[in-house]
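**Student:** Pasting input.cif below, which is mmCIF, C-alpha atoms.
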```cif
data_start
loop_
_atom_site.label_atom_id
_atom_site.label_comp_id
_atom_site.auth_asym_id
_atom_site.auth_seq_id
_atom_site.Cartn_x
_atom_site.Cartn_y
_atom_site.Cartn_z
CA PHE N 1 -7.79 0.34 -15.28
CA PHE N 2 -10.00 3.40 -15.36
CA CYS N 3 -10.44 6.30 -17.76
CA CYS N 4 -12.72 9.32 -17.83
CA ALA N 5 -15.61 9.52 -20.28
CA GLY N 6 -15.20 12.32 -22.77
CA LYS N 7 -12.27 14.55 -23.59
CA ARG N 8 -12.86 17.21 -20.97
CA ARG N 9 -12.58 16.69 -17.23
CA PRO N 10 -15.87 15.22 -16.08
CA PRO N 11 -18.00 16.96 -13.46
CA SER N 12 -17.93 15.83 -9.83
CA LEU N 13 -19.32 12.34 -9.23
CA SER N 14 -19.56 11.44 -12.91
CA ARG N 15 -19.29 7.83 -14.04
CA LEU N 16 -15.99 6.35 -15.15
CA ILE N 17 -15.59 3.73 -17.86
CA PHE N 18 -14.23 0.39 -16.67
CA ASN N 19 -11.79 -0.73 -19.34
CA MET N 20 -11.18 -4.36 -18.48
CA LYS N 21 -12.26 -7.29 -16.40
CA LEU N 22 -9.82 -10.08 -15.65
CA VAL N 23 -10.80 -13.65 -14.83
CA THR N 24 -8.06 -14.80 -12.45
CA SER N 25 -9.29 -18.32 -11.60
CA HIS N 26 -8.42 -17.71 -7.95
CA GLU N 27 -10.41 -20.09 -5.77
CA ASP N 28 -11.13 -17.60 -2.98
CA LEU N 29 -11.20 -13.87 -2.21
CA ILE N 30 -8.70 -11.65 -4.01
CA HIS N 31 -7.04 -9.23 -1.59
CA ASP N 32 -4.66 -7.24 -3.76
CA VAL N 33 -3.87 -6.45 -7.40
CA GLN N 34 -0.70 -4.61 -8.42
CA MET N 35 0.73 -3.59 -11.79
CA ASP N 36 4.47 -3.53 -12.40
CA PHE N 37 6.49 -0.43 -13.26
CA TYR N 38 5.76 -0.67 -16.99
CA GLY N 39 2.09 -1.60 -16.67
CA ARG N 40 2.58 -4.82 -18.63
CA ARG N 41 2.40 -7.30 -15.77
CA LEU N 42 -0.20 -7.79 -13.09
CA ALA N 43 0.20 -9.61 -9.77
CA THR N 44 -2.78 -10.83 -7.75
CA CYS N 45 -3.01 -12.53 -4.36
CA SER N 46 -5.81 -14.39 -2.66
CA SER N 47 -7.12 -16.30 0.32
CA ASP N 48 -6.42 -19.42 -1.75
CA ARG N 49 -2.76 -18.93 -0.63
CA THR N 50 -1.42 -18.19 -4.11
CA VAL N 51 0.08 -15.30 -6.02
CA LYS N 52 -0.59 -15.16 -9.77
CA ILE N 53 1.24 -13.27 -12.49
CA PHE N 54 -0.51 -12.07 -15.63
CA GLU N 55 1.07 -10.44 -18.66
CA SER N 56 -0.42 -8.17 -21.29
CA PRO N 57 1.54 -7.13 -24.38
CA ASP N 58 -1.14 -4.61 -25.40
CA GLY N 59 -2.36 -3.46 -21.97
CA TYR N 60 -5.84 -4.96 -22.39
CA HIS N 61 -5.67 -8.73 -22.82
CA HIS N 62 -3.99 -10.55 -19.95
CA GLN N 63 -2.78 -14.13 -19.82
CA GLN N 64 -1.61 -15.95 -16.72
CA THR N 65 2.11 -16.73 -16.93
CA ALA N 66 2.91 -17.96 -13.43
CA GLN N 67 1.41 -19.13 -10.16
CA LEU N 68 3.54 -18.67 -7.04
CA VAL N 69 2.97 -21.13 -4.21
CA GLY N 70 4.70 -20.88 -0.85
CA HIS N 71 2.37 -19.28 1.68
CA ASN N 72 0.38 -21.34 4.18
CA GLY N 73 -2.46 -18.88 4.63
CA PRO N 74 -4.33 -16.06 2.91
CA VAL N 75 -2.00 -13.68 1.07
CA TRP N 76 -2.89 -10.09 1.88
CA GLN N 77 -0.66 -7.97 -0.29
CA VAL N 78 1.81 -8.04 -3.19
CA VAL N 79 4.22 -5.35 -4.34
CA TRP N 80 6.67 -5.03 -7.25
CA ALA N 81 10.22 -3.81 -6.77
CA HIS N 82 11.72 -1.25 -9.15
CA PRO N 83 12.86 -2.91 -12.40
CA LYS N 84 16.47 -1.76 -11.90
CA PHE N 85 16.70 -4.71 -9.47
CA GLY N 86 15.19 -7.18 -11.93
CA SER N 87 11.76 -8.82 -11.79
CA ILE N 88 11.20 -8.99 -8.04
CA LEU N 89 7.94 -9.29 -6.13
CA ALA N 90 7.17 -9.41 -2.40
CA SER N 91 4.11 -10.88 -0.71
CA CYS N 92 2.86 -11.01 2.88
CA SER N 93 0.44 -13.41 4.47
CA TYR N 94 -1.62 -14.54 7.42
CA ASP N 95 1.04 -17.23 7.92
CA ARG N 96 3.43 -14.59 9.41
CA GLN N 97 5.71 -14.83 6.40
CA VAL N 98 7.04 -12.32 3.92
CA ILE N 99 8.33 -13.94 0.73
CA VAL N 100 10.53 -12.19 -1.82
CA TRP N 101 10.18 -13.74 -5.28
CA LYS N 102 12.46 -13.30 -8.30
CA GLU N 103 12.09 -14.28 -11.92
CA LEU N 104 15.32 -16.10 -12.77
CA ALA N 105 14.28 -16.93 -16.33
CA ARG N 106 11.23 -16.13 -18.39
CA ASN N 107 8.17 -17.04 -16.22
CA ASN N 108 10.41 -19.06 -13.88
CA TRP N 109 9.87 -17.59 -10.42
CA VAL N 110 11.59 -18.70 -7.21
CA HIS N 111 11.57 -17.31 -3.69
CA ILE N 112 14.94 -15.80 -2.87
CA TYR N 113 14.15 -14.84 0.72
CA GLN N 114 11.61 -15.76 3.39
CA HIS N 115 11.21 -13.51 6.39
CA ARG N 116 9.69 -15.18 9.43
CA GLY N 117 10.61 -12.53 11.96
CA HIS N 118 7.09 -11.61 13.10
CA ASP N 119 6.10 -13.74 16.05
CA GLY N 120 2.52 -12.57 16.46
CA SER N 121 2.90 -11.63 20.11
CA GLY N 122 0.31 -8.85 19.92
CA ALA N 123 -3.18 -9.00 21.37
CA ASP N 124 -5.77 -11.20 19.66
CA ALA N 125 -8.18 -9.59 17.21
CA TRP N 126 -10.54 -11.20 14.77
CA LEU N 127 -11.05 -10.65 11.06
CA THR N 128 -14.27 -11.79 9.40
CA LEU N 129 -14.13 -12.83 5.73
CA VAL N 130 -17.08 -13.79 3.57
CA THR N 131 -16.11 -16.06 0.68
CA ARG N 132 -17.70 -16.03 -2.76
CA CYS N 133 -19.91 -18.90 -1.56
CA ASN N 134 -21.06 -16.73 1.38
CA VAL N 135 -19.16 -18.88 3.85
CA VAL N 136 -18.10 -16.80 6.84
CA LYS N 137 -14.52 -17.28 8.03
CA ARG N 138 -13.14 -15.85 11.26
CA LEU N 139 -9.36 -15.55 11.42
CA SER N 140 -7.30 -14.49 14.40
CA THR N 141 -5.14 -11.59 13.18
CA HIS N 142 -2.46 -11.86 15.88
CA LEU N 143 -0.25 -13.98 13.57
CA THR N 144 -0.47 -11.97 10.37
CA VAL N 145 1.85 -9.73 8.35
CA ASN N 146 -0.53 -7.12 6.98
CA ALA N 147 1.44 -4.88 4.64
CA VAL N 148 4.61 -4.67 2.54
CA ALA N 149 6.12 -1.73 0.65
CA TRP N 150 9.34 -1.35 -1.35
CA SER N 151 11.37 1.79 -0.81
CA PRO N 152 12.16 4.25 -3.63
CA HIS N 153 14.88 2.71 -5.77
CA GLU N 154 17.30 5.50 -4.83
CA LEU N 155 17.43 3.97 -1.33
CA GLY N 156 18.38 0.52 -2.58
CA LEU N 157 16.42 -2.72 -2.33
CA ARG N 158 14.55 -2.26 0.96
CA LEU N 159 11.20 -3.67 2.04
CA ALA N 160 9.07 -2.41 4.93
CA CYS N 161 6.68 -4.92 6.54
CA GLY N 162 3.86 -4.06 8.95
CA SER N 163 2.56 -6.76 11.27
CA SER N 164 -0.12 -7.49 13.84
CA ASP N 165 2.66 -8.24 16.34
CA GLU N 166 2.83 -4.44 16.76
CA THR N 167 6.11 -4.06 14.85
CA ILE N 168 7.53 -2.92 11.52
CA SER N 169 10.50 -4.72 10.04
CA VAL N 170 12.71 -3.26 7.31
CA LEU N 171 14.53 -5.79 5.12
CA SER N 172 17.62 -4.41 3.35
CA PHE N 173 19.58 -6.29 0.68
CA ARG N 174 23.30 -5.60 1.01
CA GLY N 175 26.27 -7.58 -0.21
CA ASN N 176 24.19 -10.61 -1.24
CA GLU N 177 22.61 -10.78 2.22
CA TRP N 178 19.38 -9.56 3.77
CA GLU N 179 19.64 -7.44 6.90
CA VAL N 180 16.62 -7.02 9.16
CA THR N 181 15.80 -4.06 11.39
CA LYS N 182 12.70 -4.35 13.54
CA PHE N 183 11.02 -1.78 15.76
CA LYS N 184 7.83 -1.36 17.80
CA ALA N 185 5.27 0.70 15.94
CA HIS N 186 1.57 0.43 16.87
CA LYS N 187 -0.22 -1.05 19.83
CA THR N 188 -2.37 -4.05 18.78
CA GLY N 189 -0.90 -4.08 15.30
CA CYS N 190 0.34 -2.23 12.21
CA ASN N 191 -1.94 -2.35 9.16
CA ALA N 192 -0.16 -0.20 6.58
CA VAL N 193 3.25 1.18 5.62
CA SER N 194 4.35 3.65 2.95
CA TRP N 195 7.72 5.16 2.06
CA ALA N 196 8.38 8.84 1.53
CA PRO N 197 9.74 9.74 -1.91
CA ALA N 198 13.52 10.02 -1.98
CA VAL N 199 14.46 13.64 -1.41
CA SER N 200 18.08 14.56 -0.70
CA THR N 201 18.79 16.34 2.57
CA HIS N 202 21.79 18.10 1.02
CA GLY N 203 20.42 19.25 -2.33
CA PRO N 204 20.74 17.67 -5.79
CA ASP N 205 24.15 19.22 -6.54
CA ASN N 206 25.92 17.75 -3.55
CA ALA N 207 28.00 14.70 -4.52
CA ASN N 208 27.59 13.30 -0.99
CA ALA N 209 23.85 13.81 -0.89
CA ILE N 210 21.95 11.13 1.02
CA ALA N 211 18.23 10.66 0.57
CA ASP N 212 16.16 10.64 3.74
CA ARG N 213 14.68 7.30 4.74
CA ARG N 214 11.21 8.00 6.08
CA LEU N 215 8.13 5.85 6.55
CA ALA N 216 4.48 6.46 7.32
CA SER N 217 2.50 3.79 9.14
CA GLY N 218 -1.07 3.28 10.32
CA GLY N 219 -2.35 0.87 12.93
CA CYS N 220 -5.05 -0.60 15.11
CA ASP N 221 -4.43 2.18 17.64
CA ASN N 222 -6.15 4.55 15.14
CA LEU N 223 -2.89 6.49 14.76
CA ILE N 224 -0.63 7.52 11.89
CA LYS N 225 3.07 7.79 12.65
CA ILE N 226 6.01 9.19 10.69
CA TRP N 227 9.35 7.43 11.17
CA ARG N 228 12.89 8.47 10.26
CA CYS N 229 15.99 6.30 9.96
CA THR N 230 18.97 7.75 11.84
CA GLY N 231 22.57 7.66 10.69
CA ASP N 232 23.24 4.49 12.66
CA GLY N 233 20.32 2.65 11.05
CA GLN N 234 17.78 2.95 13.88
CA TRP N 235 14.19 3.91 13.18
CA VAL N 236 12.79 6.59 15.48
CA PRO N 237 9.37 8.31 15.58
CA GLU N 238 9.53 11.73 13.95
CA LEU N 239 5.88 12.69 14.25
CA ILE N 240 2.57 11.29 15.49
CA LEU N 241 -0.24 12.89 13.51
CA PRO N 242 -3.31 14.29 15.31
CA ALA N 243 -5.93 11.69 16.20
CA ARG N 244 -8.41 12.38 13.38
CA HIS N 245 -9.32 8.71 12.88
CA THR N 246 -11.60 7.00 15.39
CA ASP N 247 -11.14 3.40 14.19
CA TRP N 248 -8.43 1.20 12.69
CA VAL N 249 -6.31 2.86 10.03
CA ARG N 250 -6.51 0.57 7.01
CA ASP N 251 -4.10 2.19 4.55
CA VAL N 252 -1.46 4.89 4.29
CA ALA N 253 -0.11 6.36 1.04
CA TRP N 254 2.66 8.95 0.80
CA SER N 255 2.32 11.10 -2.30
CA PRO N 256 5.03 9.86 -4.72
CA MET N 257 5.81 13.32 -6.07
CA PRO N 258 8.97 14.60 -4.32
CA LYS N 259 8.04 17.99 -2.92
CA LEU N 260 10.68 20.11 -1.29
CA VAL N 261 7.96 22.41 0.05
CA ASP N 262 5.19 20.03 1.16
CA SER N 263 4.99 16.35 2.09
CA VAL N 264 1.50 14.92 1.54
CA VAL N 265 0.17 11.68 3.05
CA ALA N 266 -3.30 10.14 2.54
CA THR N 267 -4.82 7.79 5.12
CA CYS N 268 -8.08 5.86 5.31
CA SER N 269 -9.89 4.08 8.08
CA GLN N 270 -12.67 1.82 9.25
CA ASP N 271 -14.30 5.05 10.48
CA LYS N 272 -15.48 5.84 6.89
CA LYS N 273 -13.03 8.68 6.53
CA VAL N 274 -10.06 9.63 4.34
CA VAL N 275 -7.67 12.28 5.64
CA VAL N 276 -5.15 14.02 3.36
CA TRP N 277 -2.33 15.44 5.46
CA THR N 278 0.17 18.15 4.62
CA LEU N 279 3.07 17.52 6.98
CA PRO N 280 4.75 20.44 8.76
CA LYS N 281 7.84 21.86 7.10
CA MET N 282 9.57 22.74 10.35
CA ALA N 283 9.52 21.56 13.95
CA GLY N 284 6.77 23.23 15.95
CA GLU N 285 4.46 23.79 13.00
CA GLN N 286 1.03 22.17 12.87
CA CYS N 287 -0.19 19.56 10.39
CA GLN N 288 -2.73 20.73 7.86
CA TYR N 289 -5.39 18.27 6.78
CA LYS N 290 -8.56 17.79 4.77
CA GLU N 291 -11.15 15.10 5.44
CA ILE N 292 -13.34 13.25 2.95
CA ILE N 293 -16.31 11.47 4.53
CA PHE N 294 -17.73 8.27 3.02
CA SER N 295 -20.79 6.15 3.69
CA ALA N 296 -18.79 2.92 4.20
CA PRO N 297 -15.43 1.90 5.70
CA VAL N 298 -12.53 2.86 3.45
CA TRP N 299 -9.97 0.16 2.69
CA ARG N 300 -7.36 1.51 0.29
CA VAL N 301 -5.90 4.79 -0.94
CA SER N 302 -3.51 5.10 -3.88
CA TRP N 303 -1.87 8.05 -5.65
CA SER N 304 -1.37 8.53 -9.36
CA ILE N 305 2.25 8.52 -10.49
CA THR N 306 2.26 12.33 -10.50
CA GLY N 307 0.81 12.55 -7.00
CA THR N 308 -2.08 14.74 -8.16
CA ILE N 309 -5.00 12.27 -8.24
CA LEU N 310 -6.04 10.05 -5.34
CA ALA N 311 -7.90 6.75 -5.89
CA ILE N 312 -10.04 5.57 -2.98
CA SER N 313 -11.77 2.21 -2.58
CA SER N 314 -14.46 1.70 0.04
CA GLY N 315 -16.42 -1.15 1.57
CA ASP N 316 -19.47 -0.56 -0.63
CA ASP N 317 -17.52 -1.75 -3.71
CA VAL N 318 -16.95 1.79 -5.01
CA VAL N 319 -13.68 3.10 -6.42
CA SER N 320 -13.55 6.88 -6.78
CA LEU N 321 -10.93 9.35 -8.03
CA TRP N 322 -10.27 12.65 -6.28
CA LYS N 323 -8.32 15.80 -7.06
CA GLN N 324 -7.49 18.86 -4.98
CA THR N 325 -8.99 22.14 -6.15
CA SER N 326 -7.29 25.52 -6.18
CA SER N 327 -9.06 26.32 -2.89
CA GLY N 328 -7.51 23.28 -1.21
CA ASP N 329 -10.68 21.17 -1.04
CA TRP N 330 -10.94 17.71 -2.61
CA GLU N 331 -13.49 17.03 -5.35
CA SER N 332 -14.52 13.75 -6.91
CA LEU N 333 -13.62 13.24 -10.55
CA GLY N 334 -15.91 10.23 -10.81
CA HIS N 335 -16.44 6.68 -9.67
CA VAL N 336 -17.12 3.23 -11.03
CA ASP N 337 -20.33 2.41 -9.20
CA ASP N 338 -23.64 4.08 -10.07
CA GLY N 339 -24.35 4.83 -6.43
CA VAL N 340 -22.83 7.97 -4.90
CA SER N 341 -20.52 6.99 -2.04
CA ALA N 342 -18.71 10.16 -1.03
CA VAL N 343 -20.96 12.68 0.65
CA SER N 344 -18.77 15.53 1.82
CA SER N 345 -15.31 17.06 2.03
CA LYS N 346 -14.37 19.23 4.99
CA HIS N 347 -11.53 20.45 7.18
#
```
Rewrite the structure of this file - the entire thing - as structure tokens.

**Tutor:**
Amino acid sequence: FFCCAGKRRPPSLSRLIFNMKLVTSHEDLIHDVQMDFYGRRLATCSSDRTVKIFESPDGYHHQQTAQLVGHNGPVWQVVWAHPKFGSILASCSYDRQVIVWKELARNNWVHIYQHRGHDGSGADAWLTLVTRCNVVKRLSTHLTVNAVAWSPHELGLRLACGSSDETISVLSFRGNEWEVTKFKAHKTGCNAVSWAPAVSTHGPDNANAIADRRLASGGCDNLIKIWRCTGDGQWVPELILPARHTDWVRDVAWSPMPKLVDSVVATCSQDKKVVVWTLPKMAGEQCQYKEIIFSAPVWRVSWSITGTILAISSGDDVVSLWKQTSSGDWESLGHVDDGVSAVSSKH
């Protein structure tokens, strides 16, 4: 959606050109927008309980091709599966449900699986939403599934779901059936999940190589945790990152670039801070991290496909792009809003 003005890299905090605006006709707040693998389709979800699909043959002009109805509450997030599995989309909602949708024929979408395994047994918390008509809504978050993320396609068709019932569930499609593994993750609730890129533990030349299954999660306990799936299919905590956040962790994004040397994870929080972590290579080593301080709570972080540019959206309606310098610091490549949101980058 964004491009830099001019042919050369713009200076720090320069303005970016916004290429396109899309009228979705949603009747309430839009919570998530996701493009498919090829960048031709767009999925949106909203507090109006619907998911909408838009298609663009040229990348600029989008037309709505489908509206998916099945949730009984605000839909928080949507995510596309890898196209090797077909046209598959997952959504999660305040109604405690995760729905997996599939396009059986052109623009004919059906739900092929509904996961209702999150019982909302965590402690009550409250989320305040302000609608486009400035009507304030207060929703109890103890019943909600907050986040969904598909695994790398090398790991098969697997979906991680983070919930306010303090658990993460992993849905795995095997032999025409869905298997569910559920484990306790964060006290008071899990807000975000992200898969590590698929990197073989035995090297690319080994015929029996098995890619590690690892997850990063962030929660209402202000913590980020790294999880690993054992050989018998159980998820165990591998690492709890240092407590650099002082409020709810809103999003977690593992850099998609497989790096045999470094694993990089970005996190953001209600505390107006983004932390970019370099995970330790060996047991006993310390995490390295850089912090980027903002003037408003930070809601989402997202990597470019190469894992070199980080997009950050904050509560003051600013989206900014960041890149690491040769010295290891993070500099802004530009932002959409005229106002300057990011004020510093530090250890």

**Student:** Just so the selection is clear, what residues does the PyMOL selection byres ((chain N and resi 108) around 10) cover here, as a PyMOL selection string?

**Tutor:** chain N and resi 65-68+102-107+109-110

**Student:** Could you spell out the hits of the PyMOL selection byres ((chain N and resi 324-330) around 8) on the shown file, as a PyMOL selection string?

**Tutor:** chain N and resi 290+292+308-309+322-323+331-332+345-346

**Student:** Measuring atom to atom with all atoms listed in the file, identify which of N:His82, N:Arg41, N:Arg49, N:Lys187 is nearest to N:Leu29.

**Tutor:**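 Once distances to N:Leu29 are computed over all atoms listed in the file, the minimum belongs to N:Arg49.
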
**Student:** What is the atom CA of N:Gln63-atom CA of N:Ala311 distance in Å, reported with one decimal?

**Tutor:**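 We find that atom CA of N:Gln63 and atom CA of N:Ala311 lie 25.6 Å from each other.
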
**Student:** Name the residues that the PyMOL selection byres ((chain N and resi 88) around 7) picks from the file above, as a VMD selection string, using the file's chain letters and numbers.

**Tutor:** chain N and resid 80 to 81 86 to 87 89 to 90 101 to 103

**Student:** Env of N:Leu159: 6 Å cut, atoms = all atoms listed in the file, seq-sep filter 2 positions within chain, self excluded. Answer as an MDAnalysis selection string.

**Tutor:** chainID N and resid 149:150 170:171

**Student:** Around the point (17.6, -1.3, 10.0) (coordinates from the file), which residues reach within 9 Å if we count only C-alpha atoms? Answer as a ChimeraX atom specification.

**Tutor:** /N:169-172,179-183,229,232-235

**Student:** If you measure from atom CA of N:Ile224 to atom CA of N:Lys184, what distance in Å do you get, rounded to one decimal?

**Tutor:** 13.6 Å
